[in-house]
Amino acid sequence: MSGGEEAPPKRRKRLRLLGASAGLLILLTLPLWGRALAFFRVHEVEVRGTRYIEATEILDRLAVDTTWSVWARLDTLERRVERHPQVREANVLRRLPGKLVVEVEEHLPVALVPGPRGLRAFDEQGRALPIDLTRTPADLPIAESADTLLLQLLADLGRE
């Protein structure tokens, strides 16, 4: 073997390294150039974890349509969903090529409290929840008032 020739194993190793580098570069830059590709447009949104909120309310809050890319900023979408008074926390996940999954954790009602418009559901913090009791029945105790100490006690009992 002369000094100017390269051994075949070294050449294959360099080609593999070059291929791996190119693949890594493509993966790292995919969110940048992938936004413009129709392949990555949102064609499905799945809502998980709702019990008292209608999935359509979450979809309305997201305000995404088929022109949106799955590479859009997810924190923006999460904040939109978390503005709903019933939502405690929301996480939005990408499922390539064109699906978003919204995982919702709700403020759970612990008691019903009578008011001027009838019974309203309250959570353990004394927050009135926007639950339509005619559409979503709730088997909850009735409290005389939205006393936070009582509501926290009821929530503790419900967790046991």
# chains A, B, ... in the order shown; residues from 1 in each chain; ligands from 1
call {"tool": "select_by_dssp", "arguments": {"residues": "stretch 13-116 of chain A", "states": "helix (DSSP H, G or I)", "output": "PyMOL selection string"}}
result
chain A and resi 13-36+38-40+55-62+74-82
call {"tool": "write_last_selection", "arguments": {"atoms": "N, CA and C atoms", "output": "compact mmCIF listing (two decimals), in the first residue's frame"}}
result
# COMPACT_ATOMS: atom_id res chain seq x y z
N LYS A 13 -15.52 3.92 6.92
CA LYS A 13 -15.75 4.59 8.21
C LYS A 13 -16.06 6.07 8.01
N ARG A 14 -15.32 6.71 7.12
CA ARG A 14 -15.56 8.14 6.82
C ARG A 14 -16.92 8.34 6.15
N LEU A 15 -17.28 7.43 5.25
CA LEU A 15 -18.58 7.54 4.59
C LEU A 15 -19.72 7.36 5.59
N ARG A 16 -19.57 6.42 6.51
CA ARG A 16 -20.59 6.23 7.55
C ARG A 16 -20.70 7.47 8.43
N LEU A 17 -19.55 8.02 8.81
CA LEU A 17 -19.55 9.22 9.64
C LEU A 17 -20.21 10.39 8.90
N LEU A 18 -19.90 10.53 7.62
CA LEU A 18 -20.50 11.58 6.81
C LEU A 18 -22.02 11.37 6.70
N GLY A 19 -22.46 10.15 6.48
CA GLY A 19 -23.90 9.84 6.40
C GLY A 19 -24.61 10.11 7.71
N ALA A 20 -23.98 9.69 8.83
CA ALA A 20 -24.58 9.94 10.14
C ALA A 20 -24.66 11.43 10.43
N SER A 21 -23.63 12.18 10.05
CA SER A 21 -23.64 13.63 10.26
C SER A 21 -24.74 14.29 9.44
N ALA A 22 -24.91 13.85 8.20
CA ALA A 22 -25.96 14.42 7.35
C ALA A 22 -27.34 14.09 7.92
N GLY A 23 -27.52 12.87 8.39
CA GLY A 23 -28.80 12.49 9.00
C GLY A 23 -29.10 13.30 10.24
N LEU A 24 -28.09 13.51 11.08
CA LEU A 24 -28.27 14.31 12.29
C LEU A 24 -28.60 15.76 11.94
N LEU A 25 -27.93 16.30 10.93
CA LEU A 25 -28.21 17.67 10.48
C LEU A 25 -29.66 17.80 10.00
N ILE A 26 -30.13 16.82 9.25
CA ILE A 26 -31.51 16.84 8.77
C ILE A 26 -32.49 16.80 9.94
N LEU A 27 -32.25 15.91 10.91
CA LEU A 27 -33.14 15.82 12.07
C LEU A 27 -33.16 17.10 12.90
N LEU A 28 -32.00 17.71 13.07
CA LEU A 28 -31.93 18.92 13.89
C LEU A 28 -32.57 20.13 13.21
N THR A 29 -32.53 20.17 11.89
CA THR A 29 -33.10 21.31 11.18
C THR A 29 -34.52 21.05 10.69
N LEU A 30 -35.04 19.86 10.93
CA LEU A 30 -36.40 19.52 10.48
C LEU A 30 -37.45 20.52 10.95
N PRO A 31 -37.44 20.95 12.22
CA PRO A 31 -38.45 21.93 12.63
C PRO A 31 -38.39 23.24 11.85
N LEU A 32 -37.22 23.61 11.36
CA LEU A 32 -37.09 24.87 10.62
C LEU A 32 -37.65 24.77 9.21
N TRP A 33 -37.21 23.78 8.46
CA TRP A 33 -37.68 23.68 7.08
C TRP A 33 -38.92 22.83 6.96
N GLY A 34 -39.25 22.06 8.00
CA GLY A 34 -40.43 21.20 7.96
C GLY A 34 -41.74 21.96 8.08
N ARG A 35 -41.70 23.19 8.59
CA ARG A 35 -42.92 23.99 8.75
C ARG A 35 -43.63 24.24 7.42
N ALA A 36 -42.86 24.38 6.38
CA ALA A 36 -43.44 24.72 5.08
C ALA A 36 -43.99 23.49 4.35
N ALA A 38 -46.34 20.46 3.50
CA ALA A 38 -47.72 20.06 3.74
C ALA A 38 -47.78 18.74 4.52
N PHE A 39 -46.75 17.94 4.42
CA PHE A 39 -46.68 16.65 5.11
C PHE A 39 -46.80 16.83 6.61
N PHE A 40 -46.31 17.96 7.15
CA PHE A 40 -46.31 18.21 8.58
C PHE A 40 -47.44 19.13 9.04
N ALA A 55 -64.53 18.18 24.56
CA ALA A 55 -63.33 18.26 23.72
C ALA A 55 -63.42 19.42 22.74
N THR A 56 -64.63 19.76 22.30
CA THR A 56 -64.79 20.87 21.37
C THR A 56 -64.38 22.20 22.00
N GLU A 57 -64.55 22.34 23.32
CA GLU A 57 -64.10 23.56 23.99
C GLU A 57 -62.58 23.68 23.93
N ILE A 58 -61.89 22.57 24.10
CA ILE A 58 -60.43 22.57 24.03
C ILE A 58 -59.98 22.89 22.60
N LEU A 59 -60.64 22.27 21.63
CA LEU A 59 -60.29 22.53 20.23
C LEU A 59 -60.51 23.99 19.86
N ASP A 60 -61.60 24.58 20.36
CA ASP A 60 -61.85 26.00 20.11
C ASP A 60 -60.75 26.86 20.70
N ARG A 61 -60.30 26.51 21.89
CA ARG A 61 -59.22 27.28 22.55
C ARG A 61 -57.91 27.16 21.79
N LEU A 62 -57.64 25.98 21.24
CA LEU A 62 -56.40 25.78 20.49
C LEU A 62 -56.34 26.68 19.26
N LEU A 74 -45.39 24.75 20.90
CA LEU A 74 -46.37 24.04 21.73
C LEU A 74 -46.70 24.80 23.00
N ASP A 75 -45.76 25.58 23.53
CA ASP A 75 -46.04 26.33 24.75
C ASP A 75 -47.14 27.36 24.53
N THR A 76 -47.21 27.92 23.34
CA THR A 76 -48.29 28.86 23.01
C THR A 76 -49.64 28.16 23.04
N LEU A 77 -49.69 26.96 22.47
CA LEU A 77 -50.94 26.19 22.45
C LEU A 77 -51.33 25.77 23.86
N GLU A 78 -50.34 25.38 24.67
CA GLU A 78 -50.63 24.99 26.05
C GLU A 78 -51.22 26.15 26.84
N ARG A 79 -50.66 27.35 26.66
CA ARG A 79 -51.20 28.52 27.37
C ARG A 79 -52.63 28.82 26.95
N ARG A 80 -52.93 28.64 25.68
CA ARG A 80 -54.31 28.87 25.21
C ARG A 80 -55.29 27.95 25.93
N VAL A 81 -54.92 26.69 26.06
CA VAL A 81 -55.80 25.72 26.71
C VAL A 81 -55.89 26.02 28.21
N GLU A 82 -54.77 26.38 28.82
CA GLU A 82 -54.75 26.62 30.26
C GLU A 82 -55.54 27.87 30.67
call {"tool": "select_by_dssp", "arguments": {"residues": "stretch 17-137 of chain A", "states": "strand (DSSP E)", "output": "count of residues only"}}
result
32
call {"tool": "atom_distance", "arguments": {"atom1": "atom CA of A:Ala128", "atom2": "atom CA of A:Glu103"}}
result
22.2 Å
call {"tool": "residues_around", "arguments": {"residues": "A:Val104", "least_positions_apart": "6", "cutoff": "7 Å", "atoms": "only C-alpha atoms", "output": "list in words"}}
result
Arg48, Gly49, Thr50, Val87, Glu89, Ala90 and Asn91 of chain A
call {"tool": "write_last_selection", "arguments": {"atoms": "C-alpha atoms", "output": "PDB file, in the first residue's frame"}}
result
ATOM      1  CA  ARG A  48     -57.126  13.301  26.443  1.00  0.00           C
ATOM      2  CA  GLY A  49     -57.989  13.574  30.122  1.00  0.00           C
ATOM      3  CA  THR A  50     -61.215  15.551  30.000  1.00  0.00           C
ATOM      4  CA  VAL A  87     -58.096  23.450  33.163  1.00  0.00           C
ATOM      5  CA  GLU A  89     -52.621  22.055  33.364  1.00  0.00           C
ATOM      6  CA  ALA A  90     -52.264  21.212  29.687  1.00  0.00           C
ATOM      7  CA  ASN A  91     -49.528  19.497  27.716  1.00  0.00           C
TER       8      ASN A  91
END
call {"tool": "closest_residue", "arguments": {"among": "A:Arg94, A:Arg120, A:Arg73, A:Arg41", "to": "A:Ile142", "atoms": "only C-alpha atoms"}}
result
A:Arg120
call {"tool": "closest_residue", "arguments": {"among": "A:Asp132, A:Ser145, A:Arg88, A:Pro137", "to": "A:Pro114", "atoms": "only C-alpha atoms"}}
result
A:Ser145
call {"tool": "closest_residue", "arguments": {"among": "A:Leu151, A:Ala111, A:Leu93, A:Val42", "to": "A:Val70", "atoms": "only C-alpha atoms"}}
result
A:Val42
call {"tool": "atom_distance", "arguments": {"atom1": "atom CA of A:Leu129", "atom2": "atom CA of A:Val110"}}
result
10.3 Å
call {"tool": "closest_residue", "arguments": {"among": "A:Ile53, A:Leu149, A:Ala63, A:Leu157", "to": "A:Glu105", "atoms": "only C-alpha atoms"}}
result
A:Ile53
call {"tool": "residues_around", "arguments": {"residues": "A:Tyr52", "least_positions_apart": "3", "cutoff": "9 Å", "atoms": "only C-alpha atoms", "output": "VMD selection string"}}
result
chain A and resid 86 106 108 130 to 132 136
call {"tool": "atom_distance", "arguments": {"atom1": "atom CA of A:Pro85", "atom2": "atom CA of A:Leu133"}}
result
15.8 Å
call {"tool": "residues_around", "arguments": {"residues": "A:Gln152", "least_positions_apart": "4", "cutoff": "10 Å", "atoms": "only C-alpha atoms", "output": "PyMOL selection string"}}
result
chain A and resi 110+123-126+147-148+156-158
call {"tool": "write_last_selection", "arguments": {"atoms": "N, CA, C and O atoms", "output": "mmCIF file, in the first residue's frame"}}
result
data_model
loop_
_atom_site.group_PDB
_atom_site.id
_atom_site.type_symbol
_atom_site.label_atom_id
_atom_site.label_comp_id
_atom_site.auth_asym_id
_atom_site.auth_seq_id
_atom_site.Cartn_x
_atom_site.Cartn_y
_atom_site.Cartn_z
ATOM 1 N N VAL A 110 -65.446 19.380 44.014
ATOM 2 C CA VAL A 110 -65.538 18.604 45.258
ATOM 3 C C VAL A 110 -66.891 18.786 45.939
ATOM 4 O O VAL A 110 -67.259 17.986 46.790
ATOM 5 N N ASP A 123 -64.235 23.786 43.265
ATOM 6 C CA ASP A 123 -63.080 22.931 43.530
ATOM 7 C C ASP A 123 -62.561 23.187 44.940
ATOM 8 O O ASP A 123 -63.132 23.995 45.684
ATOM 9 N N GLU A 124 -61.483 22.525 45.313
ATOM 10 C CA GLU A 124 -60.968 22.609 46.682
ATOM 11 C C GLU A 124 -60.418 23.988 47.049
ATOM 12 O O GLU A 124 -60.293 24.302 48.220
ATOM 13 N N GLN A 125 -60.120 24.824 46.063
ATOM 14 C CA GLN A 125 -59.617 26.178 46.328
ATOM 15 C C GLN A 125 -60.739 27.201 46.459
ATOM 16 O O GLN A 125 -60.474 28.379 46.626
ATOM 17 N N GLY A 126 -61.966 26.750 46.340
ATOM 18 C CA GLY A 126 -63.100 27.662 46.414
ATOM 19 C C GLY A 126 -63.405 28.345 45.092
ATOM 20 O O GLY A 126 -64.106 29.346 45.036
ATOM 21 N N ASP A 147 -66.945 27.541 51.486
ATOM 22 C CA ASP A 147 -65.940 27.658 52.539
ATOM 23 C C ASP A 147 -64.724 26.821 52.139
ATOM 24 O O ASP A 147 -64.826 25.593 51.999
ATOM 25 N N THR A 148 -63.562 27.475 51.960
ATOM 26 C CA THR A 148 -62.386 26.762 51.456
ATOM 27 C C THR A 148 -61.900 25.674 52.410
ATOM 28 O O THR A 148 -61.400 24.645 51.959
ATOM 29 N N ASP A 156 -59.710 16.218 50.374
ATOM 30 C CA ASP A 156 -58.864 15.236 51.063
ATOM 31 C C ASP A 156 -59.592 13.913 51.253
ATOM 32 O O ASP A 156 -59.017 12.848 51.064
ATOM 33 N N LEU A 157 -60.853 13.984 51.628
ATOM 34 C CA LEU A 157 -61.651 12.767 51.786
ATOM 35 C C LEU A 157 -61.819 12.038 50.464
ATOM 36 O O LEU A 157 -61.813 10.802 50.414
ATOM 37 N N GLY A 158 -61.980 12.801 49.392
ATOM 38 C CA GLY A 158 -62.148 12.192 48.075
ATOM 39 C C GLY A 158 -60.895 11.512 47.570
ATOM 40 O O GLY A 158 -60.952 10.575 46.780
#
